[in-house]
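Asks: My structure is below; once you've seen it, I'll send some questions.
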Amino acid sequence: MIDKRVKDLATAVADIRDGATIFYAGFGQVGEPVELVDALLAQGARDLTLVANNGGTGEVGLSKLIKERRVRKLICSFPRTTDSHCFEEAYREGRIELELVPQGTLSERIRAAGAGVAGFYVRVGAETKLAEGKETRVFDGHLHVLEKPLKGDVALIRAEKGDRWGNLVYRKSARNFNPVMAMGARLAIAQVKEIVALGALDPESIHTPGIFVDRVVAFGPA
Amino acid sequence: MKPLSRRQLAWRAAQDIEEGAYVNLGIGLPTLVSDFIPHGREVIFHSENGILGLGPAPKEGEEDPDLINAGKGFATLLPGGAYFHHNDSFVMVRGGHLDLALLGAYEVSEAGDIANWTVEDPNTPPGVGGAMDLAAGAKEIRVLMEHNTRDGAPRLRRLCSYPLTAAGVVKRIYTTLAVIDVGPEGLVVREMVPDLDIAGLQSKTEATLTLANDWRPLKAPAE
């Protein structure tokens, strides 16, 4: 019997290694797998590369991971948002490396890693500092930049509902980076508000098919 | 001479948005534009975090923690609206499916270059978000910005002094003093606030301005 359910958050993140590249889904505070990161903090992995849209909010989730000096490098599009003081302090003190990536390019690089695409050309970033050092090529009279896939060792995902095959459904704008990050990492761990019986999710409306998900763990009040 | 307020500037930009347009509003000043779409005109707002049919801010007490806009403020969805994931959202952006993006900017050059992602201050981390994707992918880019910085420095420059977001993409600029088009011959002033002449506007602008023959006063409803 296929059963991707794991008993608790600690078990779900137990084998994440030092130096891992971790996808952290969410946009601002919406869709963030905060409880998985709390488990990762307790687990102790360090020297991590985090891939996220933002740089964390307040002192929870990604922010806490940065504050506790577990993050060596952040790859993101927009680190400075509402109350991103943990990232900003680390940045000013030179404790964290920042790779800034345009948001759509970030998403597409992650998709490419999951889709077996070795590289792609986009106009985004052409003739800007963010494309410095990258190969360029002219298509249809416009300069394009070659972008490479961004592979994750682990994706930390948050969904509304999941089943034992790993099928996931999200809620409203909390979907954001979750589906693409689940595709782009070797190991995708989903925290879900509710685990439902196999067959309970409408197959016409499954947002992330279970093939992209390795572990499902319930969080919050059972 | 009285500059437009930020809300008046947003009102002016809203008047030019056409019926049926798919529009992305950048964070900051452009976000205000959605409040001023003329009554009866149907416009679909795209939010980079996976929303089409973004509605107004919710009433107090009706906020949904899973529903926010690109500026991370609470949002609503209009009937007919849709949620989708980030990759689809940027397929819409990069693939030329958006009719218009309204962006804020630090500077715009007379060639229509836009700079809006970094001021190169070592203490202030840069943030690009979806700005480069929008600038490269939307069918038309218009900018909303204050005409001058707080220190009075011009934001309309011969060349941008800050690193570019994209080169040669801006078609129209709404400032607190004027509406200016970027044409093949440079910047053309379409509208100016009352009691300002082209010499006065030019004195607050580094880029070279030409006054359109059919220029009009820039007026917005009083607040």
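Starting from 1 in every chain, residues are counted up; chains themselves are A, B, ... following the order of the structure tokens, and ligands are numbered from 1 as listed.
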Compute the chain B side of the contact with chain A at 9 Å, counting only C-alpha atoms, and hand it back as number ranges by chain.
Replies: B: 48-51, 65-72, 82-87, 89-91, 93-94, 122-137, 163-167
Asks: Include C-alpha atoms and write out the residues we just selected as a PDB file, in the first residue's frame.
Replies:
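Everything below was put into out14.pdb:
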```pdb
ATOM      1  CA  GLU B  48       1.268  38.104  -9.534  1.00  0.00           C
ATOM      2  CA  ASN B  49       0.596  35.745  -6.626  1.00  0.00           C
ATOM      3  CA  GLY B  50      -1.972  33.877  -8.666  1.00  0.00           C
ATOM      4  CA  ILE B  51      -5.168  35.883  -8.994  1.00  0.00           C
ATOM      5  CA  PRO B  65      -5.784  35.072   5.696  1.00  0.00           C
ATOM      6  CA  ASP B  66      -5.305  33.108   2.434  1.00  0.00           C
ATOM      7  CA  LEU B  67      -6.263  35.977   0.123  1.00  0.00           C
ATOM      8  CA  ILE B  68      -3.753  38.785  -0.394  1.00  0.00           C
ATOM      9  CA  ASN B  69      -2.572  41.012  -3.244  1.00  0.00           C
ATOM     10  CA  ALA B  70       0.965  41.566  -4.550  1.00  0.00           C
ATOM     11  CA  GLY B  71       1.579  44.217  -1.884  1.00  0.00           C
ATOM     12  CA  LYS B  72       0.681  41.587   0.778  1.00  0.00           C
ATOM     13  CA  ALA B  82      -9.707  32.678 -10.626  1.00  0.00           C
ATOM     14  CA  TYR B  83      -6.800  31.379  -8.569  1.00  0.00           C
ATOM     15  CA  PHE B  84      -3.782  29.683 -10.139  1.00  0.00           C
ATOM     16  CA  HIS B  85      -0.201  28.894  -9.244  1.00  0.00           C
ATOM     17  CA  HIS B  86       2.860  31.090  -9.671  1.00  0.00           C
ATOM     18  CA  ASN B  87       4.110  29.515 -12.852  1.00  0.00           C
ATOM     19  CA  SER B  89       0.755  33.610 -13.247  1.00  0.00           C
ATOM     20  CA  PHE B  90       4.090  34.401 -14.880  1.00  0.00           C
ATOM     21  CA  VAL B  91       3.132  32.648 -18.103  1.00  0.00           C
ATOM     22  CA  VAL B  93       3.041  38.045 -17.462  1.00  0.00           C
ATOM     23  CA  ARG B  94       5.916  36.941 -19.673  1.00  0.00           C
ATOM     24  CA  PRO B 122      24.558  48.506   0.826  1.00  0.00           C
ATOM     25  CA  ASN B 123      22.244  48.819   3.824  1.00  0.00           C
ATOM     26  CA  THR B 124      19.065  48.373   1.805  1.00  0.00           C
ATOM     27  CA  PRO B 125      18.693  44.994   0.137  1.00  0.00           C
ATOM     28  CA  PRO B 126      17.405  45.219  -3.438  1.00  0.00           C
ATOM     29  CA  GLY B 127      14.051  43.703  -4.425  1.00  0.00           C
ATOM     30  CA  VAL B 128      12.974  42.983  -7.969  1.00  0.00           C
ATOM     31  CA  GLY B 129       9.796  40.948  -7.414  1.00  0.00           C
ATOM     32  CA  GLY B 130       7.851  40.706 -10.661  1.00  0.00           C
ATOM     33  CA  ALA B 131       8.975  44.089 -12.018  1.00  0.00           C
ATOM     34  CA  MET B 132      11.405  42.775 -14.642  1.00  0.00           C
ATOM     35  CA  ASP B 133       8.952  40.107 -15.777  1.00  0.00           C
ATOM     36  CA  LEU B 134       6.181  42.695 -16.174  1.00  0.00           C
ATOM     37  CA  ALA B 135       8.450  45.225 -17.863  1.00  0.00           C
ATOM     38  CA  ALA B 136       9.557  42.628 -20.409  1.00  0.00           C
ATOM     39  CA  GLY B 137       6.256  40.838 -20.888  1.00  0.00           C
ATOM     40  CA  PRO B 163      20.367  50.110 -12.513  1.00  0.00           C
ATOM     41  CA  LEU B 164      17.717  49.373 -15.127  1.00  0.00           C
ATOM     42  CA  THR B 165      14.703  47.141 -14.724  1.00  0.00           C
ATOM     43  CA  ALA B 166      14.233  47.090 -18.508  1.00  0.00           C
ATOM     44  CA  ALA B 167      15.374  49.213 -21.442  1.00  0.00           C
TER      45      ALA B 167
END
```
Asks: Neighbours of Tyr162 of chain B within 10 Å (only C-alpha atoms; same-chain residues fewer than 4 positions away dropped), as a list in words?
Replies: Tyr106, Glu107, Val108, Ile114, Ala115, Asn116, Trp117, Thr118, Val119 and Glu120 of chain B
Asks: So that I have them on file, write out the residues from the current selection with N, CA and C atoms, as an mmCIF file, in the first residue's frame.
Replies:
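Resulting contents of again-v4.cif:
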```
data_model
loop_
_atom_site.group_PDB
_atom_site.id
_atom_site.type_symbol
_atom_site.label_atom_id
_atom_site.label_comp_id
_atom_site.auth_asym_id
_atom_site.auth_seq_id
_atom_site.Cartn_x
_atom_site.Cartn_y
_atom_site.Cartn_z
ATOM 1 N N TYR B 106 11.688 54.566 -9.673
ATOM 2 C CA TYR B 106 12.585 55.596 -9.135
ATOM 3 C C TYR B 106 12.881 56.609 -10.237
ATOM 4 N N GLU B 107 13.133 56.059 -11.447
ATOM 5 C CA GLU B 107 13.499 56.925 -12.578
ATOM 6 C C GLU B 107 13.019 56.321 -13.895
ATOM 7 N N VAL B 108 12.762 57.217 -14.849
ATOM 8 C CA VAL B 108 12.516 56.800 -16.235
ATOM 9 C C VAL B 108 13.396 57.679 -17.117
ATOM 10 N N ILE B 114 13.397 52.045 -17.613
ATOM 11 C CA ILE B 114 12.833 52.172 -16.273
ATOM 12 C C ILE B 114 13.786 51.577 -15.236
ATOM 13 N N ALA B 115 13.906 52.283 -14.097
ATOM 14 C CA ALA B 115 14.717 51.799 -12.975
ATOM 15 C C ALA B 115 13.814 51.792 -11.749
ATOM 16 N N ASN B 116 13.553 50.604 -11.221
ATOM 17 C CA ASN B 116 12.677 50.563 -10.043
ATOM 18 C C ASN B 116 12.974 49.427 -9.078
ATOM 19 N N TRP B 117 14.196 48.839 -9.134
ATOM 20 C CA TRP B 117 14.411 47.690 -8.246
ATOM 21 C C TRP B 117 15.545 47.866 -7.243
ATOM 22 N N THR B 118 16.456 48.796 -7.476
ATOM 23 C CA THR B 118 17.520 48.958 -6.476
ATOM 24 C C THR B 118 18.043 50.386 -6.479
ATOM 25 N N VAL B 119 18.362 50.875 -5.283
ATOM 26 C CA VAL B 119 19.018 52.179 -5.178
ATOM 27 C C VAL B 119 20.495 51.988 -4.821
ATOM 28 N N GLU B 120 20.945 50.739 -4.886
ATOM 29 C CA GLU B 120 22.357 50.401 -4.672
ATOM 30 C C GLU B 120 22.900 50.927 -3.354
#
```
Asks: Could you list, as a ChimeraX atom specification, every residue within 7 Å of segment 20-25 of chain B, counting only C-alpha atoms and ignoring same-chain residues fewer than 2 positions away?
Replies: /B:18,27,30-31,42-47,98-103
Asks: Would you save the residues of that selection, restricted to C-alpha atoms, as a PDB file, in the first residue's frame?
Replies:
```
ATOM      1  CA  GLU B  18      -9.766  50.525 -21.478  1.00  0.00           C
ATOM      2  CA  ILE B  27       2.902  47.751  -5.588  1.00  0.00           C
ATOM      3  CA  PRO B  30      -0.190  51.916  -8.931  1.00  0.00           C
ATOM      4  CA  THR B  31      -2.171  49.848  -6.412  1.00  0.00           C
ATOM      5  CA  GLU B  42     -15.041  46.253 -16.726  1.00  0.00           C
ATOM      6  CA  VAL B  43     -11.320  45.766 -16.121  1.00  0.00           C
ATOM      7  CA  ILE B  44      -9.694  42.535 -14.900  1.00  0.00           C
ATOM      8  CA  PHE B  45      -6.835  42.961 -12.452  1.00  0.00           C
ATOM      9  CA  HIS B  46      -4.083  40.362 -12.322  1.00  0.00           C
ATOM     10  CA  SER B  47      -2.096  39.818  -9.149  1.00  0.00           C
ATOM     11  CA  LEU B  98      -1.511  41.241 -20.031  1.00  0.00           C
ATOM     12  CA  ASP B  99      -2.658  44.324 -21.913  1.00  0.00           C
ATOM     13  CA  LEU B 100      -1.132  46.753 -19.481  1.00  0.00           C
ATOM     14  CA  ALA B 101       1.142  46.957 -16.453  1.00  0.00           C
ATOM     15  CA  LEU B 102       1.228  50.097 -14.334  1.00  0.00           C
ATOM     16  CA  LEU B 103       4.508  50.324 -12.454  1.00  0.00           C
TER      17      LEU B 103
END
```
Asks: Compile the contact shell of Ala115 of chain A as a PyMOL selection string: residues with an atom at most 8 Å away, counting only C-alpha atoms, same-chain residues fewer than 3 positions apart removed.
Replies: chain A and resi 111-112+183-184
Asks: For the residues in the current selection, export N, CA and C atoms as a PDB file, in the first residue's frame.
Replies:
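Generated output (again21.pdb):
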```pdb
ATOM      1  N   ARG A 111      10.469  25.278 -12.237  1.00  0.00           N
ATOM      2  CA  ARG A 111       9.687  24.403 -13.119  1.00  0.00           C
ATOM      3  C   ARG A 111      10.603  23.622 -14.051  1.00  0.00           C
ATOM      4  N   ALA A 112      11.603  24.314 -14.606  1.00  0.00           N
ATOM      5  CA  ALA A 112      12.529  23.657 -15.537  1.00  0.00           C
ATOM      6  C   ALA A 112      13.214  22.475 -14.856  1.00  0.00           C
ATOM      7  N   MET A 183       7.228  20.294  -7.692  1.00  0.00           N
ATOM      8  CA  MET A 183       7.763  19.649  -8.904  1.00  0.00           C
ATOM      9  C   MET A 183       9.281  19.680  -8.959  1.00  0.00           C
ATOM     10  N   GLY A 184       9.869  20.751  -8.457  1.00  0.00           N
ATOM     11  CA  GLY A 184      11.276  21.031  -8.740  1.00  0.00           C
ATOM     12  C   GLY A 184      12.279  20.465  -7.746  1.00  0.00           C
TER      13      GLY A 184
END
```
Asks: Using only C-alpha atoms, which of A:Gly94, A:Gly141, A:Gly162, A:Gly56 sits nearest Gly210 of chain A?
Replies: A:Gly162
Asks: Nearest residue to Ser34 of chain B out of B:Gly81, B:Ala75, B:Ser5, B:Gly200, using only C-alpha atoms?
Replies: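 The closest residue to Ser34 of chain B is B:Ala75.
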Asks: Grab the atom CA of Glu147 of chain A to atom CA of Gly116 of chain A distance for me, in Å with one decimal place.
Replies: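 Computed distance, atom CA of Glu147 of chain A to atom CA of Gly116 of chain A, equals 13.6 Å.
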Asks: So the first atom is atom CA of Lys7 of chain A and the second is atom CA of Glu59 of chain A; what is the distance between them in Å, to one decimal place?
Replies: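 Value for the atom CA of Lys7 of chain A-atom CA of Glu59 of chain A distance: 26.5 Å.
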Asks: I'd like to know which residues of segment 2-220 of chain A are strand (DSSP E or B) (by DSSP, run on the backbone); could you write them as a PyMOL selection string?
Replies: chain A and resi 5+21-24+27+30+48-51+54+71-76+78+97-100+120-122+136-139+142-147+152-162+168-169+185-195+208+215-218
Asks: Quick one: pull the distance between atom CA of Leu78 of chain B and atom CA of Leu32 of chain B, Å, one decimal.
Replies: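 These two atoms are separated by 17.3 Å.
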Asks: With distances taken over only C-alpha atoms, which of B:Thr208, B:Thr175, B:Thr149, B:Ser203 is nearest to Leu4 of chain B?
Replies: B:Thr175
Asks: Enumerate, as a ChimeraX atom specification, the complete set of residues in segment 4-187 of chain A that a backbone-based DSSP assignment places in helix (DSSP H, G or I).
Replies: /A:9-13,34-43,62-67,85-92,103-115,129-131,172-174,178-184
